[in-house]
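J.: Have a look at this one before I ask anything.
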Amino acid sequence: MKSFFIGDREVKLPVIQGGMGVGISLSGLASAVANEGGIGVISSAGLGLIHKGHGSFLQNCIWGLKEELRLAREKTKGMIGVNIMVALSNFADMARTAISEKADIIFSGAGLPLDLPSFRTPDSKTKLAPIVSSARAAKIICDKWYNNYNYLPDAIVVEGPKAGGHLGFKKEQIDDESYSLEKIIPEVVKTVALYKEIKTIPVIAAGGISSGDEMRRFIEIGASAVQMGSIFVTTDECDASESFKQVYITARKDDLLIINSPVGMPGRAIKGEFLRRVALGLEIPKHCPVHCIKSCDYSKSPYCIMKALFNAAKGNMNKGYAFAGANAHLAQKISSVREIIAILKLEFAIAEKGATQVKQY
């Protein structure tokens with residue numbers, strides 16, 4: 001595996017750990033991945049439920065992000081990023097906090113982060129990486145950022161329809177090969193090449209990637225690195241409860257389903273008791289304590305997504321559910337992050353050797 005650069009920062013391992021909320025990827029998982037040479041990512045979603053006692057939910061979120069970054073820095077000297085969903089009502093607060101606390105990079109999706117560069121300060125060294133699902137979205141962001149802020153993305157994550165959590169696709173597009181990650185990556189690579197005289201923008205492939213062989217395949221078609229989330233859930237260092245991790249280990253392929261999220265996007269999750277109750281209309285919220293999502297109207301929402309994800313992370317699976325990528329059912333046991341990375345490196349080397357041998361003939 002070759003290292004790659006995001007701006008002036010070299011990333012030794014071309015693996016970005018996906019930001020998973022609520023409470024799945026915090027300082028524990030992020031620092032473990034960073035220690036292996038990749039980029040560890042803290043999810044900013046719902047931090048106010050995890051870190052209480054510092055004021056309102058929004059104040060708790062700010063304090064919580066500062067604390068998670070501090071804890072991560074105690075455990076690693078590697079690169080630590082923050083995932084901030086555009087859909088969050090406190091998107092601006094989280095972006096400003098990540099920058100002021102000198103997070104190495106912000107990854108932002110679940111909407112187009114058209115104003116993300118506006119939160120930069122004159123001395124900011126935090127890199128900015130939007131998450132997109134099409135070349136069109138990548139170009140819109142590049143043009144808007146450059147025209148409005150004289151700034152281009154430091155990297156672009158391209159998330160395909162096999163990802164876990166919220167998907168930037170319509171339901172009918174998810175299984176359509178025309179929208180596959182294999183098709184989108186070359187299109188985005190071609191798009192960012194339009195700006196190469198101004199800035200080199202590495203493209204990061206994401207969504208359903210679960211092996212070193214798949215990593216090599218996406219790097220071969222133009223990606224500089226991959227983003228992986230589900231593969232790190234079943235690790236000792238993952239910040240989720242053991243009950244949450246066991247849901248992954250016991251899941252079968254037909255347990256994965258596409259749901260309608262209160263965020264207004266389809267999402268991939270593992271079916272269970274809570275989602276069964278949602279389908280029956282038994283989890284409709286009576287009020288909204290925090291208004292965490294901009295687009296959420298609790299009076300029309302089938303359930304409170306922030307509470308559901310928080311409950312699941314804490315192990316109360318009857319009151320929540322697990323988001324998961326398309327290959328989450330492949331998890332068989334709890335391993336360490338180091339073991340996962342070692343397997344990925346071995347698979348990558350074997351795949352690369354096989355490709356080399358084929359080329360020789």
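The chains in the structure tokens are called A, B, ... from first to last as shown; in each chain the residues are counted from 1, and the ligands are counted from 1 in the order shown.
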Which residues, written as number ranges by chain, have at least one atom at most 12 Å from A:Ala98, with only C-alpha atoms counted and residues fewer than 6 positions away on the same chain left out?

T.: A: 41-44, 61-70, 80-84, 91-92, 104-108, 116, 119-121, 124-128

J.: Residues at most 12 Å from A:Val263, counting only C-alpha atoms, excluding those fewer than 2 positions away in the same chain, as an MDAnalysis selection string?

T.: chainID A and resid 85:89 110:111 165:168 259:261 265:267 291:298 300:306

J.: Residues within 10 Å of A:Glu214, please, as a PDB file with C-alpha atoms, in the first residue's frame. Count only C-alpha atoms; anything in the same chain fewer than 2 positions from it doesn't count.

T.:
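As written to disk, selection_18.pdb reads:
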ATOM      1  CA  GLY A 208     -19.151  -1.274   1.164  1.00  0.00           C
ATOM      2  CA  ILE A 209     -15.387  -1.744   0.885  1.00  0.00           C
ATOM      3  CA  SER A 210     -14.352  -4.612   3.133  1.00  0.00           C
ATOM      4  CA  SER A 211     -11.120  -6.184   1.852  1.00  0.00           C
ATOM      5  CA  GLY A 212      -7.618  -5.418   0.646  1.00  0.00           C
ATOM      6  CA  ARG A 216      -6.489  -2.342  -4.655  1.00  0.00           C
ATOM      7  CA  ARG A 217      -9.273  -2.375  -7.233  1.00  0.00           C
ATOM      8  CA  PHE A 218     -10.451   1.140  -6.382  1.00  0.00           C
ATOM      9  CA  ILE A 219      -6.932   2.513  -6.187  1.00  0.00           C
ATOM     10  CA  GLU A 220      -6.273   0.981  -9.611  1.00  0.00           C
ATOM     11  CA  VAL A 226     -10.474   4.185   0.700  1.00  0.00           C
ATOM     12  CA  LEU A 344      -6.070  -5.675   4.761  1.00  0.00           C
ATOM     13  CA  GLU A 347      -5.038  -9.131   1.096  1.00  0.00           C
ATOM     14  CA  PHE A 348      -3.838  -6.048  -0.759  1.00  0.00           C
ATOM     15  CA  ALA A 351      -4.184  -9.050  -4.934  1.00  0.00           C
TER      16      ALA A 351
END

J.: Using the chain letters and numbers from this document, which residues of stretch 175-284 of chain A does DSSP assign to strand (DSSP E or B), as a PyMOL selection string?

T.: chain A and resi 203-206+225-228+235+256-260+266-270

J.: Go through A:Lys196, A:Arg268, A:Lys102, A:Lys52 one by one, measure the shortest atom-to-atom distance of each to A:Arg73 using only C-alpha atoms, and give the residue with the smallest value.

T.: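 Closest to A:Arg73, using only C-alpha atoms: A:Lys102.
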
J.: With DSSP run on the backbone, what are the helix (DSSP H, G or I) residues within stretch 67-211 of chain A? I'd like them as number ranges by chain.

T.: A: 67-75, 91-100, 116-119, 135-149, 171-173, 177-179, 181-195
